[in-house]
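Below is one structure, written out as structure tokens; comments come after it.
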Amino acid sequence: GAGVSQSPRYKVAKRGQDVALRCDPISGHVSLFWYQQALGQGPEFLTYFQNEAQLDKSGLPSDRFFAERPEGSVSTLKIQRTQQEDSAVYLCASSLVGFMGDTEAFFGQGTRLTVV
Amino acid sequence: GQNIDQPTEMTATEGAIVQINCTYQTSGFNGLFWYQQHAGEAPTFLSYNVLDGLEEKGRFSSFLSRSKGYSYLLLKELQMKDSASYLCAVRASGYALNFGKGTSLLVTP
């Protein structure tokens with residue numbers, strides 16, 4: 001596709017419910033990132049994939065958060081037993097190559113998750 | 001840890017010039033990025049600095065001093081559409097960008 005696509009755009013979940021957020025990166029992009037952005041704050045890093053390998057998951061806030069990218073393209077961020085503090089915008093970004101020489105990452109519009 | 005500071009809010013007049021500062025203290029450095037984010041939209045890439053000095057791109061310029069841990073984004077000939085949040089981000093020793101909290105810029109007529 002032309003850009004990074006995320007779905008759904010909006011998700012309302014009842015506390016305790018499981019949710020799955022999808023990211024379609026730009027075709028051919030090796031690197032994929034997930035970020036969490038609270039209202040009025042900058043994005044906070046969650047996890048990083050290079051192709052299908054999850055190289056860094058140090059930003060995942062708890063073991064309720066799980067991400068996968070099984071075929072090296074589409075990625076899913078899953079949150080189990082959602083809590084109110086999980087309410088945020090979840091941003092996905094992709095970049096072309098898989099090393100620190102990347103000079104640009106392209107972001108999707110995000111999924112706004114509201115836990116009630 | 002990573003510490004990236006930028007002002008919370010700024011206001012400027014249409015047609016004017018505004019400078020948004022960013023200071024950082026990170027364990028390692030492999031590039032500083034500026035992104036623009038309109039409300040409810042994706043951050044969009046503005047600039048990248050890895051060496052000291054000024055990078056100019058149209059109305060936008062970005063400056064970096066690695067020894068001072070300092071950068072600024074300069075916006076010239078401000079337009080109303082420039083009202084947005086401006087995010088400073090540093091790539092330290094890993095792959096991820098570490099973002100500041102963003103500076104909300106309001107351009108007034």
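Following the order of the structure tokens, first chain is A, next is B, and so on, with residues numbered from 1 inside each chain and ligands from 1 in the order they appear.
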
Just the residues within 6 Å of B:Ile4, please, counting only C-alpha atoms, with nothing from its chain fewer than 3 positions along; format it as a PyMOL selection string. chain B and resi 23-24+100

Would you output that residue set with N, CA and C atoms, as an mmCIF file, in the first residue's frame?
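selection.cif, freshly written:
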```
data_model
loop_
_atom_site.group_PDB
_atom_site.id
_atom_site.type_symbol
_atom_site.label_atom_id
_atom_site.label_comp_id
_atom_site.auth_asym_id
_atom_site.auth_seq_id
_atom_site.Cartn_x
_atom_site.Cartn_y
_atom_site.Cartn_z
ATOM 1 N N THR B 23 16.534 19.712 24.079
ATOM 2 C CA THR B 23 17.777 19.264 24.708
ATOM 3 C C THR B 23 17.626 17.800 25.085
ATOM 4 N N TYR B 24 18.738 17.091 25.039
ATOM 5 C CA TYR B 24 18.664 15.654 25.303
ATOM 6 C C TYR B 24 19.873 15.174 26.082
ATOM 7 N N GLY B 100 10.527 13.141 22.792
ATOM 8 C CA GLY B 100 10.130 14.083 23.822
ATOM 9 C C GLY B 100 8.610 14.156 23.878
#
```

Give me the chain A side of the contact with chain B, cut-off 12 Å, one line per residue showing its nearest atom pair and distance in Å at one decimal, counting only C-alpha atoms, sorted by chain and residue number, as a Markdown table.
```
| residue | atom | partner | partner_atom | distance |
| --- | --- | --- | --- | --- |
| A:Gly3 | CA | B:Ala42 | CA | 10.8 |
| A:Val4 | CA | B:Ala42 | CA | 9.6 |
| A:Ser5 | CA | B:Ala42 | CA | 10.5 |
| A:Gln6 | CA | B:Ala42 | CA | 10.6 |
| A:Arg9 | CA | B:Gly40 | CA | 10.2 |
| A:Tyr10 | CA | B:Gly40 | CA | 11.0 |
| A:Ser31 | CA | B:Tyr95 | CA | 9.1 |
| A:Leu32 | CA | B:Ala96 | CA | 9.8 |
| A:Phe33 | CA | B:Ala96 | CA | 7.6 |
| A:Trp34 | CA | B:Ala96 | CA | 9.5 |
| A:Tyr35 | CA | B:Ala96 | CA | 9.6 |
| A:Gln36 | CA | B:Phe99 | CA | 11.0 |
| A:Gln37 | CA | B:Lys101 | CA | 9.6 |
| A:Ala38 | CA | B:Lys101 | CA | 9.8 |
| A:Leu39 | CA | B:Lys101 | CA | 10.1 |
| A:Gly40 | CA | B:Lys101 | CA | 7.3 |
| A:Gln41 | CA | B:Lys101 | CA | 4.6 |
| A:Gly42 | CA | B:Lys101 | CA | 4.1 |
| A:Pro43 | CA | B:Phe99 | CA | 6.1 |
| A:Glu44 | CA | B:Phe99 | CA | 6.8 |
| A:Phe45 | CA | B:Ala96 | CA | 6.8 |
| A:Leu46 | CA | B:Ala96 | CA | 9.0 |
| A:Thr47 | CA | B:Ala96 | CA | 8.3 |
| A:Tyr48 | CA | B:Ala96 | CA | 7.3 |
| A:Phe49 | CA | B:Tyr95 | CA | 9.6 |
| A:Gln50 | CA | B:Tyr95 | CA | 9.8 |
| A:Gln54 | CA | B:Tyr95 | CA | 11.8 |
| A:Leu55 | CA | B:Tyr95 | CA | 9.2 |
| A:Asp56 | CA | B:Tyr95 | CA | 8.5 |
| A:Lys57 | CA | B:Ala96 | CA | 10.6 |
| A:Ser58 | CA | B:Ala96 | CA | 10.5 |
| A:Gly59 | CA | B:Ala96 | CA | 10.0 |
| A:Ala88 | CA | B:Gly40 | CA | 11.8 |
| A:Val89 | CA | B:Gly40 | CA | 9.2 |
| A:Tyr90 | CA | B:Ala42 | CA | 10.5 |
| A:Leu91 | CA | B:Ala42 | CA | 7.8 |
| A:Cys92 | CA | B:Ala42 | CA | 9.3 |
| A:Ala93 | CA | B:Ala42 | CA | 9.4 |
| A:Ser94 | CA | B:Ala96 | CA | 11.0 |
| A:Ser95 | CA | B:Tyr95 | CA | 10.7 |
| A:Val97 | CA | B:Tyr95 | CA | 11.0 |
| A:Gly98 | CA | B:Tyr95 | CA | 8.7 |
| A:Phe99 | CA | B:Tyr95 | CA | 7.2 |
| A:Met100 | CA | B:Tyr95 | CA | 5.8 |
| A:Gly101 | CA | B:Asn30 | CA | 8.5 |
| A:Asp102 | CA | B:Tyr95 | CA | 8.9 |
| A:Thr103 | CA | B:Tyr48 | CA | 6.5 |
| A:Glu104 | CA | B:Phe45 | CA | 6.7 |
| A:Ala105 | CA | B:Phe45 | CA | 7.4 |
| A:Phe106 | CA | B:Thr44 | CA | 7.0 |
| A:Phe107 | CA | B:Ala42 | CA | 5.7 |
| A:Gly108 | CA | B:Ala42 | CA | 5.5 |
| A:Gln109 | CA | B:Ala42 | CA | 4.3 |
| A:Gly110 | CA | B:Ala42 | CA | 6.8 |
| A:Thr111 | CA | B:Gly40 | CA | 10.0 |
| A:Arg112 | CA | B:Gly40 | CA | 9.1 |
```

Selection file, C-alpha atoms, as a PDB file, in the first residue's frame:
```pdb
ATOM      1  CA  GLY A   3       1.415   4.082   3.499  1.00  0.00           C
ATOM      2  CA  VAL A   4       1.263   2.372   6.860  1.00  0.00           C
ATOM      3  CA  SER A   5      -2.276   1.236   7.538  1.00  0.00           C
ATOM      4  CA  GLN A   6      -3.669   0.476  10.980  1.00  0.00           C
ATOM      5  CA  ARG A   9      -8.944   3.389  13.866  1.00  0.00           C
ATOM      6  CA  TYR A  10     -10.976   3.409  17.056  1.00  0.00           C
ATOM      7  CA  SER A  31      11.654  -2.685  10.254  1.00  0.00           C
ATOM      8  CA  LEU A  32       8.418  -2.315  12.179  1.00  0.00           C
ATOM      9  CA  PHE A  33       7.866  -0.455  15.446  1.00  0.00           C
ATOM     10  CA  TRP A  34       4.969  -0.143  17.869  1.00  0.00           C
ATOM     11  CA  TYR A  35       4.561   2.963  20.009  1.00  0.00           C
ATOM     12  CA  GLN A  36       2.035   4.000  22.647  1.00  0.00           C
ATOM     13  CA  GLN A  37       0.988   7.648  22.789  1.00  0.00           C
ATOM     14  CA  ALA A  38      -0.987   8.979  25.743  1.00  0.00           C
ATOM     15  CA  LEU A  39      -2.962  12.184  25.352  1.00  0.00           C
ATOM     16  CA  GLY A  40      -0.673  15.210  25.216  1.00  0.00           C
ATOM     17  CA  GLN A  41       2.484  13.110  25.343  1.00  0.00           C
ATOM     18  CA  GLY A  42       5.085  11.956  22.861  1.00  0.00           C
ATOM     19  CA  PRO A  43       5.071   8.374  21.573  1.00  0.00           C
ATOM     20  CA  GLU A  44       6.625   5.781  23.888  1.00  0.00           C
ATOM     21  CA  PHE A  45       8.464   2.836  22.347  1.00  0.00           C
ATOM     22  CA  LEU A  46       6.907  -0.578  22.858  1.00  0.00           C
ATOM     23  CA  THR A  47       8.609  -3.083  20.574  1.00  0.00           C
ATOM     24  CA  TYR A  48      10.641  -3.533  17.383  1.00  0.00           C
ATOM     25  CA  PHE A  49      10.666  -6.174  14.637  1.00  0.00           C
ATOM     26  CA  GLN A  50      13.215  -6.778  11.939  1.00  0.00           C
ATOM     27  CA  GLN A  54      11.197  -9.397  17.507  1.00  0.00           C
ATOM     28  CA  LEU A  55      14.543  -7.856  18.404  1.00  0.00           C
ATOM     29  CA  ASP A  56      13.438  -5.561  21.199  1.00  0.00           C
ATOM     30  CA  LYS A  57      10.381  -5.761  23.429  1.00  0.00           C
ATOM     31  CA  SER A  58      11.791  -3.775  26.309  1.00  0.00           C
ATOM     32  CA  GLY A  59       9.041  -1.157  26.122  1.00  0.00           C
ATOM     33  CA  ALA A  88      -3.987   5.531  24.464  1.00  0.00           C
ATOM     34  CA  VAL A  89      -3.249   5.795  20.767  1.00  0.00           C
ATOM     35  CA  TYR A  90      -1.174   2.883  19.494  1.00  0.00           C
ATOM     36  CA  LEU A  91       1.055   3.884  16.601  1.00  0.00           C
ATOM     37  CA  CYS A  92       2.806   1.590  14.177  1.00  0.00           C
ATOM     38  CA  ALA A  93       5.791   2.721  12.103  1.00  0.00           C
ATOM     39  CA  SER A  94       7.866   1.030   9.432  1.00  0.00           C
ATOM     40  CA  SER A  95      11.167   1.782   7.773  1.00  0.00           C
ATOM     41  CA  VAL A  97      16.058  -1.190   6.049  1.00  0.00           C
ATOM     42  CA  GLY A  98      16.985  -3.097   9.117  1.00  0.00           C
ATOM     43  CA  PHE A  99      19.866  -1.257  10.685  1.00  0.00           C
ATOM     44  CA  MET A 100      20.489   2.003  12.422  1.00  0.00           C
ATOM     45  CA  GLY A 101      21.203   3.810   9.177  1.00  0.00           C
ATOM     46  CA  ASP A 102      17.526   4.391   8.570  1.00  0.00           C
ATOM     47  CA  THR A 103      16.875   8.090   8.380  1.00  0.00           C
ATOM     48  CA  GLU A 104      13.098   7.985   8.255  1.00  0.00           C
ATOM     49  CA  ALA A 105      10.295   5.947   9.741  1.00  0.00           C
ATOM     50  CA  PHE A 106       6.747   6.213   8.382  1.00  0.00           C
ATOM     51  CA  PHE A 107       3.909   6.211  10.878  1.00  0.00           C
ATOM     52  CA  GLY A 108       0.357   4.988  10.562  1.00  0.00           C
ATOM     53  CA  GLN A 109      -2.562   7.054  11.852  1.00  0.00           C
ATOM     54  CA  GLY A 110      -2.845   4.882  14.909  1.00  0.00           C
ATOM     55  CA  THR A 111      -5.551   3.029  16.767  1.00  0.00           C
ATOM     56  CA  ARG A 112      -7.212   4.983  19.543  1.00  0.00           C
TER      57      ARG A 112
END
```

Exercise: B:Glu56 partners within 10 Å, only C-alpha atoms, chain neighbours under 5 positions left out, as a list of chain:residue names: B:Ser47, B:Ser61, B:Ser62, B:Phe63, B:Leu73, B:Leu74

Atom CA of B:Met80 to atom CA of B:Leu54: how many Å, to one decimal? 24.7 Å

All residues 9 Å or closer to A:Ala13, only C-alpha atoms, same chain fewer than 3 positions away omitted, as a ChimeraX atom specification: /A:16-19,82,113-116

DSSP-assigned strand (DSSP E) among chain B, expressed as a PyMOL selection string: chain B and resi 3-5+9-13+18-25+32-37+44-49+53-57+60-65+70-75+84-91+97-99+103-108

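In this model, the gap between atom CA of A:Lys11 and atom CA of A:Gln80 comes to 14.0 Å.
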
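Proximity ranking of B:Thr108, B:Gln36, B:Gln19, B:Thr26 relative to B:Gly69 places B:Thr26 first, based on only C-alpha atoms.
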
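Each of B:Gln2, B:Ala16, B:His38, B:Ala84 was checked against B:Arg59 using only C-alpha atoms; the smallest atom-to-atom distance is that of B:Ala16.
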